[in-house]
Structures are given as C-alpha cells and as structure tokens.
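Listing of model01.cif, mmCIF, C-alpha atoms and all ligand atoms
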```cif
data_start
#
loop_
_atom_site.group_PDB
_atom_site.id
_atom_site.type_symbol
_atom_site.label_atom_id
_atom_site.label_comp_id
_atom_site.auth_asym_id
_atom_site.auth_seq_id
_atom_site.Cartn_x
_atom_site.Cartn_y
_atom_site.Cartn_z
ATOM 1 C CA MET A 2 37.901 96.666 112.253
ATOM 2 C CA ASN A 3 40.929 94.689 111.194
ATOM 3 C CA ALA A 4 44.067 96.806 111.644
ATOM 4 C CA LYS A 5 45.025 96.311 107.993
ATOM 5 C CA ASP A 6 41.765 98.007 106.893
ATOM 6 C CA PHE A 7 42.331 101.133 108.989
ATOM 7 C CA ASN A 8 43.054 104.326 107.039
ATOM 8 C CA VAL A 9 43.167 107.509 109.094
ATOM 9 C CA ASN A 10 42.743 109.603 105.931
ATOM 10 C CA ALA A 11 39.373 107.947 105.242
ATOM 11 C CA LEU A 12 37.839 109.106 108.562
ATOM 12 C CA ALA A 13 35.219 111.869 108.332
ATOM 13 C CA ALA A 14 36.476 115.416 108.897
ATOM 14 C CA ASN A 15 35.224 117.602 111.761
ATOM 15 C CA GLU A 16 34.484 114.595 113.993
ATOM 16 C CA LYS A 17 35.832 112.597 116.929
ATOM 17 C CA HIS A 18 36.308 108.881 116.294
ATOM 18 C CA ARG A 19 36.653 105.986 118.756
ATOM 19 C CA LEU A 20 37.820 102.742 117.146
ATOM 20 C CA TRP A 21 39.084 99.275 118.037
ATOM 21 C CA LEU A 22 41.680 97.780 115.720
ATOM 22 C CA ASP A 23 41.809 94.008 115.671
ATOM 23 C CA ILE A 24 45.325 92.558 115.740
ATOM 24 C CA ASP A 25 45.434 88.777 115.964
ATOM 25 C CA GLY A 26 42.469 88.673 118.355
ATOM 26 C CA TRP A 27 43.622 91.630 120.514
ATOM 27 C CA GLN A 28 41.803 94.970 120.396
ATOM 28 C CA LEU A 29 43.914 98.099 120.107
ATOM 29 C CA PRO A 30 42.100 101.308 121.208
ATOM 30 C CA VAL A 31 42.384 104.270 118.818
ATOM 31 C CA LEU A 32 41.093 107.794 119.429
ATOM 32 C CA CYS A 33 41.183 110.204 116.525
ATOM 33 C CA ILE A 34 40.094 113.808 116.176
ATOM 34 C CA CYS A 35 39.785 114.881 112.560
ATOM 35 C CA GLY A 36 39.806 118.656 112.350
ATOM 36 C CA ALA A 37 37.428 120.838 110.370
ATOM 37 C CA SER A 38 40.325 121.861 108.121
ATOM 38 C CA ALA A 39 43.252 119.899 106.667
ATOM 39 C CA GLY A 40 46.625 120.198 108.372
ATOM 40 C CA PRO A 41 49.411 118.252 110.099
ATOM 41 C CA ARG A 42 49.033 114.824 111.708
ATOM 42 C CA LEU A 43 50.208 114.520 115.305
ATOM 43 C CA VAL A 44 50.431 110.981 116.699
ATOM 44 C CA LEU A 45 50.413 110.232 120.444
ATOM 45 C CA PHE A 46 51.248 106.802 121.871
ATOM 46 C CA GLY A 47 50.536 105.718 125.450
ATOM 47 C CA ALA A 48 51.428 102.577 127.406
ATOM 48 C CA VAL A 49 53.982 101.167 124.971
ATOM 49 C CA HIS A 50 55.045 99.657 128.296
ATOM 50 C CA GLY A 51 52.018 98.091 129.948
ATOM 51 C CA ASP A 52 52.615 99.493 133.459
ATOM 52 C CA GLU A 53 52.866 103.168 132.419
ATOM 53 C CA TYR A 54 49.613 105.081 132.860
ATOM 54 C CA ASP A 55 50.570 108.646 131.937
ATOM 55 C CA GLY A 56 49.843 108.046 128.245
ATOM 56 C CA PRO A 57 46.227 106.867 128.643
ATOM 57 C CA GLU A 58 45.508 109.553 131.276
ATOM 58 C CA VAL A 59 46.878 112.382 129.109
ATOM 59 C CA ILE A 60 45.323 111.065 125.875
ATOM 60 C CA HIS A 61 41.819 110.663 127.362
ATOM 61 C CA ARG A 62 41.936 114.252 128.636
ATOM 62 C CA ILE A 63 43.231 115.647 125.354
ATOM 63 C CA PHE A 64 40.499 113.722 123.500
ATOM 64 C CA ALA A 65 37.841 115.266 125.755
ATOM 65 C CA GLN A 66 39.346 118.764 125.616
ATOM 66 C CA VAL A 67 40.104 119.303 121.904
ATOM 67 C CA GLN A 68 37.073 119.998 119.707
ATOM 68 C CA PRO A 69 37.170 119.109 115.980
ATOM 69 C CA ASP A 70 35.916 122.536 114.857
ATOM 70 C CA GLN A 71 38.899 124.125 116.643
ATOM 71 C CA LEU A 72 41.402 121.705 115.131
ATOM 72 C CA CYS A 73 43.428 122.059 111.965
ATOM 73 C CA GLY A 74 44.735 118.629 110.936
ATOM 74 C CA THR A 75 44.486 115.228 112.606
ATOM 75 C CA LEU A 76 45.209 114.091 116.137
ATOM 76 C CA LEU A 77 45.689 110.311 116.068
ATOM 77 C CA MET A 78 46.119 108.701 119.492
ATOM 78 C CA VAL A 79 46.610 105.180 120.824
ATOM 79 C CA PRO A 80 46.042 105.420 124.599
ATOM 80 C CA VAL A 81 47.281 101.870 125.267
ATOM 81 C CA CYS A 82 49.638 100.373 122.683
ATOM 82 C CA ASN A 83 50.776 97.294 124.582
ATOM 83 C CA VAL A 84 47.333 95.892 125.415
ATOM 84 C CA PRO A 85 48.517 92.403 126.513
ATOM 85 C CA ALA A 86 51.092 93.925 128.923
ATOM 86 C CA TYR A 87 48.574 96.527 130.181
ATOM 87 C CA GLU A 88 46.130 93.736 131.067
ATOM 88 C CA VAL A 89 48.607 92.212 133.523
ATOM 89 C CA VAL A 90 50.321 95.443 134.775
ATOM 90 C CA GLN A 91 53.673 94.511 133.246
ATOM 91 C CA ARG A 92 56.268 96.406 131.258
ATOM 92 C CA SER A 93 56.554 93.647 128.626
ATOM 93 C CA SER A 94 54.080 91.269 127.047
ATOM 94 C CA PRO A 95 52.975 88.185 129.031
ATOM 95 C CA ILE A 96 52.226 86.437 125.705
ATOM 96 C CA ASP A 97 55.646 86.415 124.041
ATOM 97 C CA GLY A 98 57.817 88.090 126.686
ATOM 98 C CA ALA A 99 58.768 90.870 124.230
ATOM 99 C CA ASN A 100 59.352 94.538 125.076
ATOM 100 C CA LEU A 101 57.293 96.552 122.562
ATOM 101 C CA ALA A 102 59.849 99.381 122.729
ATOM 102 C CA ARG A 103 62.542 97.034 121.374
ATOM 103 C CA VAL A 104 60.765 95.462 118.384
ATOM 104 C CA PHE A 105 59.769 98.442 116.172
ATOM 105 C CA PRO A 106 59.185 98.586 113.204
ATOM 106 C CA GLY A 107 57.706 95.168 113.926
ATOM 107 C CA ASN A 108 56.699 92.243 111.755
ATOM 108 C CA PRO A 109 53.154 91.350 110.552
ATOM 109 C CA ARG A 110 54.014 87.629 110.787
ATOM 110 C CA GLY A 111 55.795 87.779 114.170
ATOM 111 C CA GLY A 112 54.444 87.343 117.700
ATOM 112 C CA ILE A 113 51.716 89.655 119.012
ATOM 113 C CA THR A 114 54.216 92.309 120.180
ATOM 114 C CA GLU A 115 55.898 92.485 116.759
ATOM 115 C CA GLN A 116 52.502 92.599 115.065
ATOM 116 C CA ILE A 117 51.395 95.536 117.249
ATOM 117 C CA ALA A 118 54.647 97.374 116.444
ATOM 118 C CA TYR A 119 54.140 96.735 112.733
ATOM 119 C CA TRP A 120 50.585 98.092 112.594
ATOM 120 C CA LEU A 121 51.445 101.100 114.800
ATOM 121 C CA THR A 122 54.283 101.885 112.388
ATOM 122 C CA GLU A 123 52.268 101.413 109.201
ATOM 123 C CA LYS A 124 48.935 102.899 110.275
ATOM 124 C CA CYS A 125 50.013 105.672 112.652
ATOM 125 C CA ILE A 126 53.662 106.684 112.258
ATOM 126 C CA ARG A 127 53.892 106.441 108.453
ATOM 127 C CA GLY A 128 52.635 109.751 107.083
ATOM 128 C CA ALA A 129 52.715 111.533 110.471
ATOM 129 C CA ASP A 130 54.235 114.987 110.927
ATOM 130 C CA LEU A 131 55.267 114.294 114.521
ATOM 131 C CA LEU A 132 55.246 111.330 116.917
ATOM 132 C CA LEU A 133 55.053 111.856 120.678
ATOM 133 C CA ASP A 134 55.504 108.623 122.661
ATOM 134 C CA ILE A 135 54.365 109.108 126.274
ATOM 135 C CA HIS A 136 56.347 106.897 128.662
ATOM 136 C CA SER A 137 56.894 106.946 132.427
ATOM 137 C CA ALA A 138 58.971 105.097 134.973
ATOM 138 C CA GLY A 139 56.421 102.289 135.325
ATOM 139 C CA VAL A 140 55.898 100.574 138.654
ATOM 140 C CA ALA A 141 59.547 99.669 139.329
ATOM 141 C CA TYR A 142 61.467 102.919 138.667
ATOM 142 C CA ASP A 143 61.530 106.634 139.353
ATOM 143 C CA LEU A 144 62.197 109.276 136.701
ATOM 144 C CA PRO A 145 61.610 113.048 136.635
ATOM 145 C CA ASN A 146 58.993 114.682 134.403
ATOM 146 C CA MET A 147 61.020 115.070 131.238
ATOM 147 C CA VAL A 148 61.070 115.136 127.467
ATOM 148 C CA GLY A 149 63.739 113.563 125.256
ATOM 149 C CA TRP A 150 64.692 113.630 121.591
ATOM 150 C CA THR A 151 67.370 112.535 119.135
ATOM 151 C CA HIS A 152 69.995 115.178 118.568
ATOM 152 C CA SER A 153 71.694 115.742 115.198
ATOM 153 C CA ASP A 154 71.723 118.283 112.365
ATOM 154 C CA ALA A 155 69.248 116.193 110.324
ATOM 155 C CA PRO A 156 66.081 118.232 109.604
ATOM 156 C CA HIS A 157 63.716 115.666 111.187
ATOM 157 C CA HIS A 158 65.858 115.579 114.363
ATOM 158 C CA GLN A 159 65.902 119.373 114.507
ATOM 159 C CA ALA A 160 62.109 119.380 114.117
ATOM 160 C CA GLY A 161 61.796 116.842 116.962
ATOM 161 C CA GLU A 162 64.019 118.971 119.189
ATOM 162 C CA ALA A 163 62.030 122.126 118.418
ATOM 163 C CA ALA A 164 58.779 120.363 119.380
ATOM 164 C CA ALA A 165 60.399 118.928 122.530
ATOM 165 C CA ARG A 166 61.544 122.365 123.670
ATOM 166 C CA VAL A 167 58.063 123.789 123.068
ATOM 167 C CA PHE A 168 56.568 120.995 125.227
ATOM 168 C CA GLY A 169 57.903 122.794 128.327
ATOM 169 C CA ALA A 170 59.174 119.957 130.582
ATOM 170 C CA PRO A 171 61.394 120.833 133.588
ATOM 171 C CA VAL A 172 64.007 118.286 132.431
ATOM 172 C CA VAL A 173 65.089 118.032 128.792
ATOM 173 C CA TRP A 174 67.370 115.268 127.545
ATOM 174 C CA ALA A 175 69.131 115.253 124.156
ATOM 175 C CA HIS A 176 70.338 111.885 122.851
ATOM 176 C CA PRO A 177 73.040 112.106 120.179
ATOM 177 C CA ALA A 178 72.005 110.194 117.007
ATOM 178 C CA PRO A 179 71.702 107.393 116.035
ATOM 179 C CA VAL A 180 68.478 106.294 117.752
ATOM 180 C CA PRO A 181 68.944 102.895 119.411
ATOM 181 C CA PRO A 182 67.071 100.201 117.447
ATOM 182 C CA GLY A 183 63.579 98.917 118.215
ATOM 183 C CA ARG A 184 61.955 102.066 119.620
ATOM 184 C CA SER A 185 58.873 103.781 118.195
ATOM 185 C CA LEU A 186 61.294 106.685 117.725
ATOM 186 C CA SER A 187 63.550 104.456 115.595
ATOM 187 C CA ALA A 188 60.579 103.503 113.390
ATOM 188 C CA ALA A 189 59.755 107.215 113.042
ATOM 189 C CA ASP A 190 63.396 107.910 112.270
ATOM 190 C CA GLY A 191 63.397 105.287 109.511
ATOM 191 C CA LEU A 192 60.417 107.058 107.918
ATOM 192 C CA GLY A 193 61.898 110.555 108.359
ATOM 193 C CA VAL A 194 59.156 111.474 110.878
ATOM 194 C CA PRO A 195 60.214 113.880 113.682
ATOM 195 C CA SER A 196 59.687 112.418 117.135
ATOM 196 C CA LEU A 197 60.051 112.968 120.873
ATOM 197 C CA TYR A 198 59.151 111.079 124.030
ATOM 198 C CA THR A 199 58.322 111.835 127.641
ATOM 199 C CA GLU A 200 59.130 110.193 130.944
ATOM 200 C CA ALA A 201 57.463 110.782 134.328
ATOM 201 C CA PRO A 202 57.676 109.441 137.903
ATOM 202 C CA GLY A 203 55.295 106.529 137.229
ATOM 203 C CA GLY A 204 54.751 104.262 140.210
ATOM 204 C CA GLY A 205 51.427 102.925 138.936
ATOM 205 C CA ARG A 206 49.766 106.335 139.207
ATOM 206 C CA VAL A 207 49.769 109.748 137.534
ATOM 207 C CA SER A 208 50.239 112.828 139.707
ATOM 208 C CA PRO A 209 48.087 115.931 139.114
ATOM 209 C CA GLU A 210 51.363 117.797 138.431
ATOM 210 C CA THR A 211 52.435 115.402 135.676
ATOM 211 C CA LEU A 212 48.939 115.333 134.178
ATOM 212 C CA SER A 213 48.700 119.106 133.986
ATOM 213 C CA LEU A 214 52.275 119.452 132.687
ATOM 214 C CA PHE A 215 51.742 116.865 129.933
ATOM 215 C CA VAL A 216 48.288 118.109 128.848
ATOM 216 C CA ASN A 217 49.813 121.613 128.622
ATOM 217 C CA GLY A 218 52.822 120.150 126.802
ATOM 218 C CA VAL A 219 50.682 118.462 124.147
ATOM 219 C CA THR A 220 48.631 121.669 123.774
ATOM 220 C CA ASN A 221 51.856 123.684 123.365
ATOM 221 C CA VAL A 222 53.065 121.280 120.662
ATOM 222 C CA MET A 223 49.726 121.449 118.826
ATOM 223 C CA GLN A 224 49.798 125.254 118.911
ATOM 224 C CA TYR A 225 53.402 125.191 117.692
ATOM 225 C CA MET A 226 52.366 122.940 114.783
ATOM 226 C CA GLY A 227 49.495 125.297 113.893
ATOM 227 C CA MET A 228 46.855 122.701 114.813
ATOM 228 C CA LEU A 229 45.258 124.832 117.541
ATOM 229 C CA ALA A 230 44.941 128.612 117.844
ATOM 230 C CA GLY A 231 47.123 130.412 120.364
ATOM 231 C CA LYS A 232 50.787 130.687 121.150
ATOM 232 C CA PRO A 233 52.644 127.990 123.104
ATOM 233 C CA THR A 234 53.866 129.108 126.533
ATOM 234 C CA PRO A 235 56.561 126.613 127.597
ATOM 235 C CA ALA A 236 58.388 127.104 130.894
ATOM 236 C CA ALA A 237 62.193 127.183 130.663
ATOM 237 C CA PRO A 238 63.863 123.837 131.519
ATOM 238 C CA GLN A 239 65.607 123.472 134.897
ATOM 239 C CA HIS A 240 67.879 120.617 133.763
ATOM 240 C CA GLU A 241 69.515 120.335 130.324
ATOM 241 C CA LEU A 242 70.867 116.808 130.009
ATOM 242 C CA ILE A 243 72.768 115.105 127.243
ATOM 243 C CA GLY A 244 72.888 111.343 126.938
ATOM 244 C CA ASN A 245 76.217 110.202 125.642
ATOM 245 C CA GLY A 246 76.793 106.550 124.775
ATOM 246 C CA ASN A 247 79.606 106.232 127.331
ATOM 247 C CA LEU A 248 77.679 107.757 130.194
ATOM 248 C CA ASP A 249 74.339 106.208 129.407
ATOM 249 C CA GLN A 250 74.672 103.005 131.352
ATOM 250 C CA THR A 251 71.881 101.521 133.363
ATOM 251 C CA ILE A 252 73.592 99.921 136.312
ATOM 252 C CA LEU A 253 72.254 96.415 136.839
ATOM 253 C CA SER A 254 71.905 94.542 140.087
ATOM 254 C CA PRO A 255 74.575 91.840 140.425
ATOM 255 C CA CYS A 256 72.458 89.948 142.965
ATOM 256 C CA ALA A 257 68.941 89.500 144.312
ATOM 257 C CA GLY A 258 68.042 91.404 147.463
ATOM 258 C CA HIS A 259 66.544 94.563 148.942
ATOM 259 C CA PHE A 260 67.713 97.756 147.215
ATOM 260 C CA ARG A 261 68.011 101.154 148.866
ATOM 261 C CA ALA A 262 69.193 104.242 146.958
ATOM 262 C CA ASP A 263 71.829 106.469 148.586
ATOM 263 C CA VAL A 264 71.299 109.389 146.181
ATOM 264 C CA LYS A 265 68.325 111.375 144.915
ATOM 265 C CA LEU A 266 66.974 111.791 141.416
ATOM 266 C CA LEU A 267 68.724 114.650 139.523
ATOM 267 C CA GLN A 268 71.578 114.752 142.064
ATOM 268 C CA ASP A 269 75.068 115.400 140.649
ATOM 269 C CA VAL A 270 77.471 112.555 141.411
ATOM 270 C CA ARG A 271 81.182 111.904 140.919
ATOM 271 C CA PHE A 272 82.849 108.835 139.468
ATOM 272 C CA GLY A 273 82.964 106.115 142.131
ATOM 273 C CA GLN A 274 80.357 107.749 144.406
ATOM 274 C CA ARG A 275 78.021 105.355 146.176
ATOM 275 C CA LEU A 276 74.595 105.327 144.461
ATOM 276 C CA GLY A 277 72.817 102.592 146.363
ATOM 277 C CA THR A 278 73.134 99.296 148.147
ATOM 278 C CA VAL A 279 71.588 95.854 147.845
ATOM 279 C CA TYR A 280 70.993 94.249 151.271
ATOM 280 C CA ASP A 281 69.889 90.862 152.488
ATOM 281 C CA LEU A 282 66.885 90.674 154.799
ATOM 282 C CA LEU A 283 69.091 90.953 157.917
ATOM 283 C CA GLY A 284 70.417 94.273 156.598
ATOM 284 C CA ASN A 285 73.820 92.929 155.566
ATOM 285 C CA GLU A 286 75.337 94.569 152.478
ATOM 286 C CA LEU A 287 75.364 92.262 149.470
ATOM 287 C CA ALA A 288 76.480 94.763 146.810
ATOM 288 C CA VAL A 289 77.381 98.434 146.681
ATOM 289 C CA LEU A 290 76.641 100.350 143.477
ATOM 290 C CA THR A 291 78.953 103.165 142.490
ATOM 291 C CA ALA A 292 78.740 105.811 139.769
ATOM 292 C CA PRO A 293 80.474 104.653 136.548
ATOM 293 C CA ALA A 294 81.190 108.296 135.618
ATOM 294 C CA ASP A 295 80.604 111.877 136.722
ATOM 295 C CA GLY A 296 77.065 112.931 135.867
ATOM 296 C CA ARG A 297 73.519 113.489 137.060
ATOM 297 C CA VAL A 298 71.187 110.763 138.333
ATOM 298 C CA ILE A 299 68.360 110.395 135.796
ATOM 299 C CA LEU A 300 66.802 107.080 136.863
ATOM 300 C CA LEU A 301 66.548 105.177 140.143
ATOM 301 C CA ARG A 302 65.021 101.872 141.096
ATOM 302 C CA ALA A 303 61.900 102.597 143.215
ATOM 303 C CA LEU A 304 60.689 99.051 143.890
ATOM 304 C CA HIS A 305 62.935 97.725 146.670
ATOM 305 C CA ARG A 306 62.878 94.013 145.843
ATOM 306 C CA VAL A 307 65.390 93.297 143.088
ATOM 307 C CA LYS A 308 66.505 90.292 141.077
ATOM 308 C CA VAL A 309 69.811 89.712 139.304
ATOM 309 C CA GLY A 310 69.983 91.980 136.247
ATOM 310 C CA ASP A 311 67.303 94.477 137.327
ATOM 311 C CA GLY A 312 68.177 98.086 136.473
ATOM 312 C CA LEU A 313 69.030 100.098 139.606
ATOM 313 C CA ALA A 314 70.262 103.512 138.482
ATOM 314 C CA GLN A 315 71.323 105.526 135.463
ATOM 315 C CA ILE A 316 73.672 108.495 135.200
ATOM 316 C CA THR A 317 73.755 110.923 132.308
ATOM 317 C CA GLY A 318 75.745 113.964 131.253
ATOM 318 C CA VAL A 319 74.824 117.597 131.825
ATOM 319 C CA ASN A 320 74.628 119.911 128.827
ATOM 320 C CA ARG A 321 75.160 123.164 130.673
HETATM 321 ZN ZN ZN B 1 58.290 103.111 128.932
#
```
How would this structure read if it were set down as structure tokens?
Amino acid sequence: MNAKDFNVNALAANEKHRLWLDIDGWQLPVLCICGASAGPRLVLFGAVHGDEYDGPEVIHRIFAQVQPDQLCGTLLMVPVCNVPAYEVVQRSSPIDGANLARVFPGNPRGGITEQIAYWLTEKCIRGADLLLDIHSAGVAYDLPNMVGWTHSDAPHHQAGEAAARVFGAPVVWAHPAPVPPGRSLSAADGLGVPSLYTEAPGGGRVSPETLSLFVNGVTNVMQYMGMLAGKPTPAAPQHELIGNGNLDQTILSPCAGHFRADVKLLQDVRFGQRLGTVYDLLGNELAVLTAPADGRVILLRALHRVKVGDGLAQITGVNR
C-alpha cells in the first residue's frame, strides 16, 4: 500500500499484520500487533542506519513472541527503516547520500531519505505513546549495550527516562535537552512523544547477549506501559553516564591510515591521555589522538582502516 494510505488505527484488532509501505518505489517493511483490547501505542524502529542489525533481529523476535490476545494496545514496528542503506550494508543512503538520523521530521517532496523520515514521523511517531529507536555501532564502531534518553524536567522527557530505566541496560546515558536536530527522537520531541534509543556493539552481527538483553528490555517496557501482564524486572545499571555538550565530542581522524585504539570501551580517561593512534602501513605514527576532557570512553572506532574525518572515539561524562 502507498505509505500515505496507511492508518494504524484502521488495522483489525486482535491480529498480527505484515505490511509493505510504498515510498517512491521503495518498500518499507511494517510489522504491527494490534491487541485484543485498546491501550497505548509503542513504536519500535530498527536499522535507521543501514548497517545496524540489532533492530531487525529484536523486532522479528518480539513479533513472533507477543500474541495479540495477550496484548493491550498496539505494537507498531519497522524492522528496517533505511531500506536503501540496508540493501548495500551502509550507514547512510546510497541514493542521496543522506543520513536518515539527521533528516527527521523529513519532507514528502525531498529525496528518498527525507521521504522515509516524513512517513515514519507521520504514520508511526505521530500519535504514539513511546518511541524506541534501536541503533547499534554498525560495522565501523564499537559501543556498549546501552540505552539513552533526553534529560529535562519536561513531562515527555521524564516519561522517556522512566521507560529507559525500566529497559534494564547495563549502561544508561542521559543527554541534557535539547535533542540535537534531525533524529527520530527530535521528531518525537516535536510531537511531545516520549522517546529513548539503544546502542549495542554492532560489527555486522548481533550477539546472543545483546539479543536477549534487548528482547527483555522491550518486554520490560511493554509491561511498564501496561501492554503486557507481569512486572518489569530490570537489572540495575553498571554505568550512569551523562552527555554534556562540551564533553560530547566525537574525535575525528585528521588523516587516512590504520587506526589502533590504546584504551578500552568504558575506560575512565584523563584530559590529554592517549586514546589511539593512526599509523601508516610501515607502522609509523601519523597522528596521536588524545582525550579532549576527563571522562569515560563511550565509543571507539572498530574498523582499522580510516579516512580523513572518520570518527575514532568519543568521551562522555559520568553521572555518579
Ligand atoms: Zn545508528
């Protein structure tokens, strides 16, 4: 069906639905479970970046596991949002070069990436009670299993934080408002919809640990929202991080070469500490990366070959 004709509220209750939404010749996969009784709408997005597979893996399992007669409300899921980028195992679209996570709320008359963002915003996020956008480190980076949210006293930010804490990730990361522009979370923010996102190690695969953690996390959130029976049982976080605008700097490679990290993920570092090195193919140092501030390492480049401007590492603050 054409994306503009899709109306989640018109789908039959007490049923599972598999749909393709046509957007300018591309087919967007949609999985929806409409519960036996009315209730909240939870929206899950996967593969907003085309080389992140945690979203589709988690969403397919949740779709198989949750039965409509046990569900109160609507579970609306898009296992792969960035279909053109997914097709070529890339973070961004090969058609227009755009990063889907930078163009929300999109534009129905823009390129394919902006059109996808527009229809995801209008048909999924608008009217939702919560958005969970499942990301991972993709093929080039390494990140811990974590959940993040926008932090402020606004009711929809507080609701996002409450859901994020119920998810039960070992690393939790609060980002002081405002939300940076272009994200699915910014589109949700603009509509007053609470939101959260996940990250995971990525690497072109999904570990059994991440899969189990995220399926449990989504189940916890659904129980918390009253969509499924039972009480959520989140584990306590091991790392409480806070992203502050001054500390949140992805350090970019000043040159092309072969990158090797000198620190580990979630290691505490001091200002000026060596984080990694870019070498030439004879092993000569081309550039040494140092920490721009005290903090904890939240992201590292995993793919050794780097070009000028590739992200190599990111440091963030520690909440407690
Ligand atoms: Zn991503």
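If you apply the PyMOL selection byres (((chain A and resi 223-235) around 7) and not hetatm) to this structure, you end up with Gly40, Pro41, Gln71, Leu72, Cys73, Gly74, Val167, Phe168, Gly169, Val219, Thr220, Asn221, Val222, Ala236 and Ala237 of chain A.
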Export of the given selection (C-alpha atoms) as a PDB file, in the coordinates of the input:
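The new file again_39.pdb reads:
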```pdb
ATOM      1  CA  GLY A  40      46.625 120.198 108.372  1.00  0.00           C
ATOM      2  CA  PRO A  41      49.411 118.252 110.099  1.00  0.00           C
ATOM      3  CA  GLN A  71      38.899 124.125 116.643  1.00  0.00           C
ATOM      4  CA  LEU A  72      41.402 121.705 115.131  1.00  0.00           C
ATOM      5  CA  CYS A  73      43.428 122.059 111.965  1.00  0.00           C
ATOM      6  CA  GLY A  74      44.735 118.629 110.936  1.00  0.00           C
ATOM      7  CA  VAL A 167      58.063 123.789 123.068  1.00  0.00           C
ATOM      8  CA  PHE A 168      56.568 120.995 125.227  1.00  0.00           C
ATOM      9  CA  GLY A 169      57.903 122.794 128.327  1.00  0.00           C
ATOM     10  CA  VAL A 219      50.682 118.462 124.147  1.00  0.00           C
ATOM     11  CA  THR A 220      48.631 121.669 123.774  1.00  0.00           C
ATOM     12  CA  ASN A 221      51.856 123.684 123.365  1.00  0.00           C
ATOM     13  CA  VAL A 222      53.065 121.280 120.662  1.00  0.00           C
ATOM     14  CA  ALA A 236      58.388 127.104 130.894  1.00  0.00           C
ATOM     15  CA  ALA A 237      62.193 127.183 130.663  1.00  0.00           C
TER      16      ALA A 237
END
```
Quick check on the file I pasted: which residues fall under the PyMOL selection byres (((chain A and resi 18) around 6) and not hetatm)? Write them as an MDAnalysis selection string. chainID A and resid 17 19 32:33
Determine, counting only C-alpha atoms, every residue of protein, DNA or RNA that lies within 10 Å of (64.6, 103.6, 111.6) in the file coordinates, then give the result as a ChimeraX atom specification. /A:105-106,179-194
Take the residues that were just selected and, keeping C-alpha atoms, output them as a short mmCIF file (atom, residue, chain, number, x, y, z; two decimals), in the coordinates of the input.
```cif
data_model
loop_
_atom_site.label_atom_id
_atom_site.label_comp_id
_atom_site.auth_asym_id
_atom_site.auth_seq_id
_atom_site.Cartn_x
_atom_site.Cartn_y
_atom_site.Cartn_z
CA PHE A 105 59.77 98.44 116.17
CA PRO A 106 59.18 98.59 113.20
CA PRO A 179 71.70 107.39 116.04
CA VAL A 180 68.48 106.29 117.75
CA PRO A 181 68.94 102.90 119.41
CA PRO A 182 67.07 100.20 117.45
CA GLY A 183 63.58 98.92 118.22
CA ARG A 184 61.96 102.07 119.62
CA SER A 185 58.87 103.78 118.20
CA LEU A 186 61.29 106.68 117.72
CA SER A 187 63.55 104.46 115.60
CA ALA A 188 60.58 103.50 113.39
CA ALA A 189 59.76 107.22 113.04
CA ASP A 190 63.40 107.91 112.27
CA GLY A 191 63.40 105.29 109.51
CA LEU A 192 60.42 107.06 107.92
CA GLY A 193 61.90 110.56 108.36
CA VAL A 194 59.16 111.47 110.88
#
```
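Among A:Leu12, A:Leu304, A:Ile34, A:Leu313, the residue with the shortest atom-to-atom distance to A:Val67, counting all atoms listed in the file, is A:Ile34.
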As an exercise, work out the distance from atom CA of A:Ser94 to atom CA of A:Asp6 in Å and give it to one decimal place. 24.6 Å
Residues at most 8 Å from A:Ile60, counting all atoms listed in the file, excluding those fewer than 6 positions away in the same chain, as a PDB file with C-alpha atoms, in the coordinates of the input?
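As written to disk, result_33.pdb reads:
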```pdb
ATOM      1  CA  LEU A  45      50.413 110.232 120.444  1.00  0.00           C
ATOM      2  CA  GLY A  47      50.536 105.718 125.450  1.00  0.00           C
ATOM      3  CA  MET A  78      46.119 108.701 119.492  1.00  0.00           C
ATOM      4  CA  VAL A  79      46.610 105.180 120.824  1.00  0.00           C
ATOM      5  CA  PRO A  80      46.042 105.420 124.599  1.00  0.00           C
TER       6      PRO A  80
END
```
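Closest approach to ligand ZN 1 (chain B) among A:Gly56, A:Gly204, A:Gly139, A:Pro209: A:Gly139, based on all atoms listed in the file.
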Using the chain letters and residue numbers of this document, give as a PyMOL selection string the residues selected by the PyMOL selection byres (((not hetatm)) within 8 of (chain B and resi 1)). chain A and resi 48-50+53+92+102+135-139+200
